[in-house]
file run-v7.cif (mmCIF, C-alpha atoms)
data_work
#
loop_
_atom_site.label_atom_id
_atom_site.label_comp_id
_atom_site.auth_asym_id
_atom_site.auth_seq_id
_atom_site.Cartn_x
_atom_site.Cartn_y
_atom_site.Cartn_z
CA MET A 16 -49.77 -3.07 -73.88
CA VAL A 17 -52.33 -2.14 -71.21
CA ILE A 18 -55.38 -0.23 -72.43
CA LYS A 19 -56.21 2.88 -70.44
CA ALA A 20 -59.93 3.21 -69.88
CA SER A 21 -59.90 6.85 -70.98
CA SER A 22 -58.06 6.32 -74.25
CA GLY A 23 -60.55 6.91 -77.04
CA GLY A 24 -57.77 6.72 -79.60
CA GLN A 25 -56.91 3.18 -78.62
CA VAL A 26 -60.58 2.20 -78.75
CA GLU A 27 -60.83 3.65 -82.24
CA ALA A 28 -57.74 1.73 -83.33
CA LEU A 29 -59.14 -1.52 -81.98
CA VAL A 30 -62.50 -0.93 -83.66
CA SER A 31 -60.60 -0.38 -86.91
CA ASP A 32 -58.87 -3.73 -86.35
CA LEU A 33 -62.27 -5.42 -86.55
CA SER A 34 -61.98 -4.83 -90.32
CA ALA A 35 -58.59 -6.56 -90.56
CA ASP A 36 -58.11 -9.40 -93.02
CA SER A 37 -56.27 -11.35 -90.34
CA GLU A 38 -58.63 -13.40 -88.18
CA VAL A 39 -56.07 -13.40 -85.38
CA LYS A 40 -55.99 -9.60 -85.43
CA ARG A 41 -59.80 -9.42 -85.37
CA GLU A 42 -60.06 -11.89 -82.49
CA THR A 43 -57.41 -9.96 -80.55
CA ALA A 44 -59.34 -6.74 -81.07
CA ILE A 45 -62.55 -8.39 -79.86
CA ALA A 46 -60.81 -9.65 -76.72
CA ARG A 47 -59.22 -6.29 -75.93
CA LEU A 48 -62.41 -4.30 -76.61
CA THR A 49 -64.25 -6.67 -74.29
CA LEU A 50 -61.81 -5.67 -71.57
CA VAL A 51 -62.45 -1.98 -72.30
CA GLY A 52 -66.13 -2.74 -71.76
CA ALA A 53 -68.82 -0.08 -71.52
CA ARG A 54 -66.60 2.72 -72.79
CA ALA A 55 -66.36 1.01 -76.17
CA VAL A 56 -70.08 0.31 -76.58
CA ASP A 57 -71.16 3.46 -78.43
CA ARG A 58 -68.37 3.08 -80.98
CA LEU A 59 -69.17 -0.61 -81.44
CA VAL A 60 -72.87 0.12 -81.93
CA ALA A 61 -71.92 2.68 -84.57
CA ARG A 62 -69.63 0.21 -86.38
CA ALA A 63 -72.29 -2.51 -86.30
CA GLY A 64 -74.70 -0.15 -88.04
CA GLU A 65 -72.29 1.11 -90.73
CA ARG A 66 -73.73 -0.38 -93.90
CA ASN A 67 -70.57 0.45 -95.87
CA ALA A 68 -68.32 -1.37 -93.39
CA PRO A 69 -67.26 -4.96 -94.24
CA ALA A 70 -69.74 -7.56 -93.04
CA THR A 71 -66.93 -9.27 -91.14
CA ALA A 72 -66.28 -6.07 -89.18
CA ARG A 73 -69.96 -5.51 -88.40
CA ALA A 74 -70.34 -9.11 -87.21
CA ALA A 75 -67.22 -8.74 -85.07
CA ALA A 76 -68.65 -5.56 -83.51
CA LEU A 77 -71.86 -7.43 -82.67
CA ARG A 78 -69.89 -10.30 -81.13
CA THR A 79 -67.96 -7.82 -79.00
CA LEU A 80 -71.19 -6.18 -77.84
CA GLU A 81 -72.46 -9.62 -76.86
CA ALA A 82 -69.31 -10.25 -74.83
CA ILE A 83 -69.59 -6.90 -73.05
CA GLY A 84 -73.27 -7.37 -72.23
CA ASP A 85 -74.23 -3.69 -72.05
CA ARG A 86 -77.96 -3.03 -72.49
CA ARG A 87 -77.22 -0.52 -75.26
CA GLY A 88 -76.18 -3.41 -77.48
CA LEU A 89 -79.69 -4.85 -77.80
CA ALA A 90 -80.84 -2.25 -80.32
CA ALA A 91 -77.82 -3.00 -82.50
CA GLY A 92 -78.64 -6.70 -82.39
CA ILE A 93 -82.28 -6.12 -83.27
CA ALA A 94 -81.27 -4.00 -86.27
CA ALA A 95 -78.69 -6.56 -87.41
CA VAL A 96 -81.26 -9.35 -87.52
CA ASP A 97 -82.66 -7.76 -90.69
CA ASP A 98 -79.28 -7.27 -92.38
CA ALA A 99 -78.69 -8.53 -95.90
CA ASP A 100 -75.53 -10.42 -94.88
CA ARG A 101 -75.95 -13.86 -93.32
CA GLU A 102 -72.95 -13.54 -90.98
CA VAL A 103 -74.26 -10.26 -89.60
CA VAL A 104 -77.76 -11.72 -89.18
CA HIS A 105 -76.46 -14.66 -87.17
CA ALA A 106 -74.27 -12.41 -85.01
CA GLY A 107 -77.32 -10.22 -84.42
CA ILE A 108 -79.45 -13.19 -83.39
CA SER A 109 -76.75 -14.34 -80.98
CA LEU A 110 -76.50 -10.83 -79.48
CA VAL A 111 -80.27 -10.52 -79.06
CA ALA A 112 -80.40 -13.98 -77.47
CA SER A 113 -77.84 -12.95 -74.85
CA PHE A 114 -80.47 -10.58 -73.39
CA LEU A 115 -83.08 -13.31 -72.85
CA PRO A 116 -82.21 -13.94 -69.17
CA GLY A 117 -82.25 -10.25 -68.18
CA PRO A 118 -84.73 -7.38 -67.80
CA GLN A 119 -84.85 -6.89 -71.58
CA GLY A 120 -85.74 -10.54 -72.10
CA ALA A 121 -89.30 -9.87 -73.30
CA THR A 122 -88.07 -7.55 -76.06
CA ALA A 123 -85.41 -10.07 -77.08
CA LEU A 124 -87.91 -12.94 -77.11
CA ASP A 125 -90.41 -10.97 -79.21
CA ARG A 126 -87.76 -10.26 -81.86
CA LEU A 127 -86.42 -13.81 -82.00
CA THR A 128 -89.92 -15.26 -82.13
CA ALA A 129 -90.76 -12.98 -85.05
CA VAL A 130 -87.71 -14.24 -86.93
CA ALA A 131 -88.55 -17.87 -86.19
CA LEU A 132 -92.12 -17.43 -87.50
CA ASP A 133 -91.28 -15.45 -90.63
CA ALA A 134 -91.69 -17.96 -93.45
CA SER A 135 -90.21 -15.50 -95.96
CA ARG A 136 -86.80 -15.56 -94.25
CA ASP A 137 -83.83 -17.83 -94.86
CA GLU A 138 -84.32 -21.09 -92.98
CA ARG A 139 -80.85 -20.86 -91.45
CA ALA A 140 -81.75 -17.60 -89.74
CA ARG A 141 -85.08 -19.04 -88.58
CA SER A 142 -83.31 -22.13 -87.26
CA ALA A 143 -80.80 -19.97 -85.38
CA ALA A 144 -83.66 -18.05 -83.76
CA VAL A 145 -85.36 -21.30 -82.71
CA ALA A 146 -82.10 -22.60 -81.24
CA ALA A 147 -81.57 -19.32 -79.39
CA VAL A 148 -84.87 -19.49 -77.52
CA SER A 149 -85.15 -23.25 -77.09
CA GLY A 150 -83.57 -23.24 -73.63
CA LEU A 151 -86.50 -21.27 -72.17
CA ASP A 152 -89.22 -23.05 -70.26
CA LYS A 153 -92.08 -24.93 -71.92
CA ALA A 154 -94.82 -22.55 -70.83
CA THR A 155 -93.06 -19.57 -72.40
CA LEU A 156 -92.39 -21.34 -75.69
CA LYS A 157 -95.63 -23.30 -76.10
CA PRO A 158 -97.22 -20.67 -78.42
CA LEU A 159 -94.14 -20.73 -80.64
CA TRP A 160 -94.08 -24.50 -80.96
CA LEU A 161 -97.82 -24.54 -81.74
CA ALA A 162 -97.39 -21.90 -84.45
CA LEU A 163 -94.43 -23.68 -86.03
CA ALA A 164 -96.30 -27.00 -86.03
CA GLY A 165 -98.24 -25.65 -89.01
CA ASP A 166 -95.30 -23.98 -90.75
CA PRO A 167 -95.06 -24.50 -94.52
CA SER A 168 -91.46 -25.66 -94.14
CA ALA A 169 -91.09 -29.32 -93.22
CA ALA A 170 -87.60 -28.60 -91.85
CA MET A 171 -88.94 -25.91 -89.49
CA ARG A 172 -91.78 -28.19 -88.34
CA ALA A 173 -89.28 -30.92 -87.51
CA LEU A 174 -86.90 -28.50 -85.78
CA ALA A 175 -89.69 -27.04 -83.66
CA ALA A 176 -90.91 -30.50 -82.67
CA SER A 177 -87.40 -31.52 -81.63
CA ALA A 178 -86.75 -28.26 -79.75
CA GLY A 179 -90.11 -28.52 -78.04
CA ARG A 180 -89.26 -31.96 -76.70
CA ARG A 181 -85.99 -30.62 -75.27
CA ALA A 182 -87.46 -27.45 -73.76
CA ALA A 183 -86.91 -26.96 -70.05
CA PRO A 184 -89.90 -27.67 -67.77
CA SER A 185 -91.67 -24.63 -66.33
CA GLY A 186 -89.81 -23.40 -63.28
CA ALA A 187 -86.60 -25.24 -64.21
CA ALA A 188 -83.30 -23.46 -63.73
CA ASP A 189 -82.18 -21.55 -66.80
CA PRO A 190 -79.18 -23.39 -68.33
CA LEU A 191 -77.73 -20.11 -69.61
CA ALA A 192 -77.82 -18.62 -66.11
CA LEU A 193 -76.15 -21.77 -64.76
CA LEU A 194 -73.40 -21.47 -67.37
CA HIS A 195 -72.86 -17.84 -66.40
CA GLN A 196 -72.50 -18.95 -62.79
CA ALA A 197 -70.08 -21.74 -63.75
CA ALA A 198 -67.88 -19.37 -65.74
CA GLU A 199 -67.94 -16.43 -63.36
CA THR A 200 -68.24 -17.99 -59.89
CA ALA A 201 -67.84 -21.74 -59.45
CA LEU A 202 -68.28 -24.94 -61.41
CA PRO A 203 -71.00 -27.39 -60.42
CA ASP A 204 -69.85 -30.63 -58.81
CA ASP A 205 -71.47 -32.71 -61.55
CA PRO A 206 -69.68 -32.55 -64.94
CA ALA A 207 -72.63 -34.34 -66.58
CA ALA A 208 -74.95 -31.48 -65.54
CA LEU A 209 -72.46 -29.02 -66.98
CA ARG A 210 -72.47 -30.93 -70.28
CA ARG A 211 -76.29 -30.79 -70.38
CA ASN A 212 -76.27 -27.04 -69.80
CA LEU A 213 -73.67 -26.59 -72.55
CA ALA A 214 -75.81 -28.59 -74.96
CA ALA A 215 -78.85 -26.47 -74.10
CA ALA A 216 -77.32 -23.01 -74.01
CA GLY A 217 -73.62 -23.10 -74.93
CA ASP A 218 -74.41 -21.31 -78.20
CA ARG A 219 -75.75 -18.31 -76.25
CA LEU A 220 -72.99 -17.84 -73.68
CA PRO A 221 -70.77 -14.85 -74.56
CA LEU A 222 -67.55 -16.03 -76.17
CA PRO A 223 -65.16 -14.72 -73.49
CA LEU A 224 -67.24 -16.46 -70.80
CA LEU A 225 -67.23 -19.68 -72.82
CA HIS A 226 -63.46 -19.45 -73.05
CA ARG A 227 -63.22 -18.73 -69.32
CA LEU A 228 -65.40 -21.77 -68.66
CA ILE A 229 -62.93 -23.93 -70.59
CA GLU A 230 -60.11 -22.60 -68.42
CA ARG A 231 -62.06 -23.32 -65.22
CA ILE A 232 -62.86 -26.86 -66.35
CA ARG A 233 -59.21 -27.48 -67.26
CA GLU A 234 -58.12 -26.38 -63.77
CA ARG A 235 -60.73 -28.64 -62.15
CA GLU A 236 -59.76 -31.50 -64.43
CA ALA A 237 -56.11 -31.26 -63.38
CA ALA A 238 -57.06 -31.24 -59.69
CA GLU A 239 -59.24 -34.36 -59.88
CA PRO A 240 -57.98 -37.91 -59.23
CA PRO A 241 -57.54 -39.99 -62.39
CA SER A 242 -60.78 -41.89 -61.73
CA ALA A 243 -62.85 -38.68 -62.01
CA ARG A 244 -60.75 -36.76 -64.51
CA ALA A 245 -62.23 -38.26 -67.68
CA ASP A 246 -65.72 -36.86 -67.01
CA TRP A 247 -64.30 -33.34 -66.74
CA THR A 248 -62.30 -33.85 -69.93
CA VAL A 249 -65.54 -34.71 -71.74
CA ALA A 250 -67.17 -31.57 -70.31
CA ARG A 251 -64.24 -29.46 -71.52
CA ALA A 252 -64.56 -31.06 -74.95
CA GLY A 253 -68.23 -30.07 -75.06
CA ALA A 254 -67.32 -26.47 -74.24
CA HIS A 255 -64.73 -26.50 -77.02
CA VAL A 256 -67.32 -27.66 -79.55
CA ALA A 257 -69.68 -24.87 -78.47
CA LEU A 258 -66.85 -22.35 -78.91
CA ALA A 259 -65.65 -23.73 -82.24
CA ALA A 260 -69.18 -23.95 -83.65
CA ARG A 261 -69.27 -20.16 -83.43
CA ASP A 262 -66.09 -19.85 -85.52
CA SER A 263 -64.03 -18.66 -82.56
CA ARG A 264 -60.37 -19.66 -82.30
CA LEU A 265 -60.04 -18.59 -78.68
CA GLY A 266 -59.66 -22.23 -77.67
CA VAL A 267 -57.09 -23.33 -80.26
CA TYR A 268 -54.14 -23.09 -77.87
CA ASP A 269 -55.82 -25.38 -75.34
CA LEU A 270 -56.81 -27.85 -78.05
CA ARG A 271 -53.26 -28.00 -79.37
CA GLU A 272 -51.76 -28.32 -75.89
CA SER A 273 -54.20 -31.12 -74.99
CA LEU A 274 -53.19 -33.08 -78.05
CA GLU A 275 -49.47 -32.53 -77.45
CA SER A 276 -49.69 -33.92 -73.92
CA ALA A 277 -52.14 -36.76 -74.65
CA ARG A 278 -50.85 -40.29 -74.21
CA ALA A 279 -54.26 -41.90 -74.69
CA PRO A 280 -57.28 -41.16 -76.91
CA LEU A 281 -59.14 -37.96 -76.02
CA PRO A 282 -62.89 -37.36 -76.36
CA VAL A 283 -63.71 -37.20 -80.04
CA GLU A 284 -65.42 -33.82 -79.46
CA LEU A 285 -61.98 -32.26 -78.98
CA LEU A 286 -61.01 -33.37 -82.47
CA THR A 287 -64.34 -32.11 -83.80
CA ALA A 288 -63.54 -28.67 -82.40
CA LEU A 289 -60.01 -28.89 -83.77
CA ALA A 290 -61.32 -29.75 -87.22
CA LEU A 291 -63.63 -26.73 -87.10
CA VAL A 292 -61.12 -24.06 -86.06
CA GLY A 293 -57.63 -25.57 -86.09
CA ASP A 294 -54.92 -23.93 -88.18
CA ALA A 295 -51.42 -24.71 -89.44
CA SER A 296 -50.03 -24.45 -85.91
CA CYS A 297 -52.04 -27.54 -84.95
CA LEU A 298 -50.83 -29.86 -87.69
CA GLU A 299 -47.62 -31.01 -85.99
CA ALA A 300 -49.48 -31.90 -82.79
CA ILE A 301 -52.01 -33.95 -84.77
CA ALA A 302 -49.33 -35.72 -86.81
CA SER A 303 -47.32 -36.52 -83.69
CA ALA A 304 -50.39 -37.94 -81.92
CA TYR A 305 -51.18 -40.01 -85.01
CA ALA A 306 -47.65 -41.44 -85.00
CA ARG A 307 -47.75 -42.19 -81.25
CA ALA A 308 -51.06 -44.01 -81.63
CA GLY A 309 -49.54 -46.30 -84.23
CA ALA A 310 -46.17 -46.91 -82.54
CA PRO A 311 -45.07 -50.56 -82.09
CA GLY A 312 -46.22 -52.08 -78.82
CA ARG A 313 -49.07 -49.61 -78.35
CA SER A 314 -52.74 -50.40 -78.67
CA ARG A 315 -54.11 -48.93 -81.87
CA PRO A 316 -57.73 -47.81 -81.60
CA ASP A 317 -58.67 -47.37 -85.25
CA TRP A 318 -61.32 -44.72 -84.49
CA TRP A 319 -58.77 -42.48 -82.78
CA ARG A 320 -56.24 -42.60 -85.59
CA GLN A 321 -58.97 -42.10 -88.18
CA HIS A 322 -60.34 -39.04 -86.39
CA LEU A 323 -56.83 -37.61 -86.10
CA ALA A 324 -56.29 -38.09 -89.82
CA ASP A 325 -59.69 -36.60 -90.65
CA ALA A 326 -58.99 -33.51 -88.53
CA PHE A 327 -55.54 -33.13 -90.12
CA HIS A 328 -56.80 -33.24 -93.70
CA THR A 329 -59.82 -31.04 -92.93
CA ILE A 330 -57.51 -28.30 -91.64
CA VAL A 331 -55.12 -28.68 -94.57
CA LYS A 332 -57.97 -28.34 -97.06
CA ARG A 333 -59.75 -25.46 -95.31
CA GLU A 334 -56.56 -23.43 -94.75
CA ARG A 335 -55.22 -24.32 -98.23
CA ILE A 336 -51.92 -25.54 -96.81
CA THR A 337 -49.59 -26.99 -99.42
CA ARG A 338 -46.58 -29.26 -98.97
CA ARG A 339 -44.37 -26.21 -99.37
CA HIS A 340 -45.55 -24.91 -95.99
CA ALA A 341 -42.89 -25.14 -93.25
CA ALA A 342 -45.13 -27.26 -91.01
CA MET A 343 -45.84 -29.72 -93.81
CA LYS A 344 -42.14 -30.03 -94.63
CA LYS A 345 -41.40 -30.90 -91.01
CA ILE A 346 -44.25 -33.40 -90.89
CA GLU A 347 -43.04 -35.05 -94.08
CA LYS A 348 -39.65 -35.64 -92.44
CA ARG A 349 -40.85 -36.78 -88.98
CA TRP A 350 -44.37 -38.20 -89.35
CA PRO A 351 -44.98 -38.86 -93.05
CA ASP A 352 -47.63 -41.57 -92.58
CA ILE A 353 -50.45 -39.13 -91.92
CA LEU A 354 -49.86 -37.38 -95.25
CA ASN A 355 -50.87 -40.53 -97.11
CA THR A 356 -54.06 -41.37 -95.21
CA PRO A 357 -57.26 -41.19 -97.24
#
call {"tool": "encode", "arguments": {"input": "run-v7.cif", "output": "structure tokens"}}
result
Amino acid sequence: MVIKASSGGQVEALVSDLSADSEVKRETAIARLTLVGARAVDRLVARAGERNAPATARAAALRTLEAIGDRRGLAAGIAAVDDADREVVHAGISLVASFLPGPQGATALDRLTAVALDASRDERARSAAVAAVSGLDKATLKPLWLALAGDPSAAMRALAASAGRRAAPSGAADPLALLHQAAETALPDDPAALRRNLAAAGDRLPLPLLHRLIERIREREAAEPPSARADWTVARAGAHVALAARDSRLGVYDLRESLESARAPLPVELLTALALVGDASCLEAIASAYARAGAPGRSRPDWWRQHLADAFHTIVKRERITRRHAAMKKIEKRWPDILNTP
């Protein structure tokens, strides 16, 4: 169903869906609200600030505001950074970080720096703030690294030292801006450069843009000659890890399709992403790939089969899938070997 821009009732219904128990329903609402764009911002800001709303719904509202990119969302992100719920805090940090490249970058940087330096806060929130700013240039971040060098937490001192070594040189191109360009305009010609930018700033690219980047890479990958295709597959795998690390299942279909069509081992990062966000719909593809890899007359790279088995059992355990599930019954009939792997 197409959403009419003027339909406040449909916006309200989608915002209500952010509270759904079904993750699929929540993700669908996020995607559709992102398409609505600016007209949904005020309602999303209100939902993000509703203390009585479920934390999952408030975090989803913040993620949607990040995807839309409207300047009104920054205040909601700043407020969320001090929330009592960890999921909301991390969504707030991610939203604030998305404003670093723009005209509100100084405000965003001040708030994230304050979180990173606050020794009374949870270290996971502090670490997320450090990661969010670490793609900025060395000159900008030098005061932060110096302050954290004397932090009472050994973990924060080590994280700051590591991030400081990776920081971009002064005047270097912003990796987040380059990722925006790759997703919205055109991919670079060098897949290795794209992988570096993903490693530096993939956790700050809005989720719909990260998903769009995966689609662009897949199209480029298919158009390349076999000799160059593998490098683009590795780049796509890196984008999938960045997406999955943020608990988004937007890329599950592509992961499953890649595995179904694979006749040779894929980059292990694809299986890492699959293990993070895969669901019951992925199990048959994994079991089939495991069986193909062990078929008579085929080479059997042990690492590939082991990673397939690990991803399979990780999904089964996380999703609490029993042998009574329809997918497991089918696997037991067609590809039973994977069920007995350690």
call {"tool": "residues_around", "arguments": {"input": "run-v7.cif", "residues": "Ala134 of chain A", "least_positions_apart": "3", "cutoff": "9 Å", "atoms": "only C-alpha atoms", "output": "PyMOL selection string"}}
result
chain A and resi 130-131+137-138+141+166-168
call {"tool": "closest_atom_pairs", "arguments": {"input": "run-v7.cif", "of": "segment 214-313 of chain A", "to": "segment 109-115 of chain A", "cutoff": "9 Å", "atoms": "only C-alpha atoms", "output": "Markdown table"}}
result
| residue | atom | partner | partner_atom | distance |
| --- | --- | --- | --- | --- |
| A:Asp218 | CA | A:Ser109 | CA | 7.9 |
| A:Arg219 | CA | A:Ser113 | CA | 5.9 |
| A:Leu220 | CA | A:Ser113 | CA | 7.0 |
| A:Pro221 | CA | A:Ser113 | CA | 7.3 |
call {"tool": "write_last_selection", "arguments": {"input": "run-v7.cif", "atoms": "C-alpha atoms", "output": "compact mmCIF listing (two decimals), in the coordinates of the input"}}
result
# COMPACT_ATOMS: atom_id res chain seq x y z
CA ASP A 218 -74.41 -21.31 -78.20
CA ARG A 219 -75.75 -18.31 -76.25
CA LEU A 220 -72.99 -17.84 -73.68
CA PRO A 221 -70.77 -14.85 -74.56
call {"tool": "residues_near_point", "arguments": {"input": "run-v7.cif", "point": "(-56.5, -21.4, -94.6)", "cutoff": "12 Å", "atoms": "all atoms listed in the file", "output": "PyMOL selection string"}}
result
chain A and resi 37-38+291-296+328-337+340
call {"tool": "residues_around", "arguments": {"input": "run-v7.cif", "residues": "segment 265-275 of chain A", "least_positions_apart": "2", "cutoff": "7 Å", "atoms": "all atoms listed in the file", "output": "number ranges by chain"}}
result
A: 226, 255, 263, 277, 285, 289, 293, 297, 300-301, 304
call {"tool": "closest_residue", "arguments": {"input": "run-v7.cif", "among": "A:Gly165, A:Gly309, A:Pro158, A:Pro118", "to": "Trp350 of chain A", "atoms": "only C-alpha atoms"}}
result
A:Gly309
call {"tool": "atom_distance", "arguments": {"input": "run-v7.cif", "atom1": "atom CA of Gly150 of chain A", "atom2": "atom CA of Ala70 of chain A"}}
result
28.5 Å
call {"tool": "residues_near_point", "arguments": {"input": "run-v7.cif", "point": "(-90.1, -16.0, -81.7)", "cutoff": "10 Å", "atoms": "only C-alpha atoms", "output": "list of chain:residue names"}}
result
A:Ala123, A:Leu124, A:Asp125, A:Arg126, A:Leu127, A:Thr128, A:Ala129, A:Val130, A:Ala131, A:Leu132, A:Asp133, A:Arg141, A:Ala144, A:Val145, A:Ala147, A:Val148, A:Ser149, A:Leu156, A:Pro158, A:Leu159, A:Trp160, A:Ala162, A:Leu163
call {"tool": "residues_around", "arguments": {"input": "run-v7.cif", "residues": "Asp32 of chain A", "least_positions_apart": "6", "cutoff": "7 Å", "atoms": "only C-alpha atoms", "output": "list in words"}}
result
Lys40, Arg41 and Ala44 of chain A
call {"tool": "resolve_selection", "arguments": {"input": "run-v7.cif", "expression": "the PyMOL selection byres ((chain A and resi 302) around 9)", "output": "number ranges by chain"}}
result
A: 297-301, 303-307, 323-324, 327, 346, 349-354
call {"tool": "residues_around", "arguments": {"input": "run-v7.cif", "residues": "Arg227 of chain A", "least_positions_apart": "6", "cutoff": "12 Å", "atoms": "all atoms listed in the file", "output": "list in words"}}
result
Ala46, Ala82, Leu194, His195, Gln196, Ala197, Ala198, Glu199, Thr200, Ala201, Leu202, Leu220, Pro221, Arg233, Glu234, Arg251, Ala254, His255, Leu258, Leu265, Gly266 and Asp269 of chain A
call {"tool": "atom_distance", "arguments": {"input": "run-v7.cif", "atom1": "atom CA of Thr122 of chain A", "atom2": "atom CA of Asp57 of chain A"}}
result
20.3 Å
call {"tool": "atom_distance", "arguments": {"input": "run-v7.cif", "atom1": "atom CA of Asp246 of chain A", "atom2": "atom CA of Ala207 of chain A"}}
result
7.4 Å
call {"tool": "resolve_selection", "arguments": {"input": "run-v7.cif", "expression": "the PyMOL selection byres ((chain A and resi 92) around 10)", "output": "VMD selection string"}}
result
chain A and resid 60 63 to 64 74 77 to 78 80 to 81 87 to 91 93 to 97 103 to 114 123 126
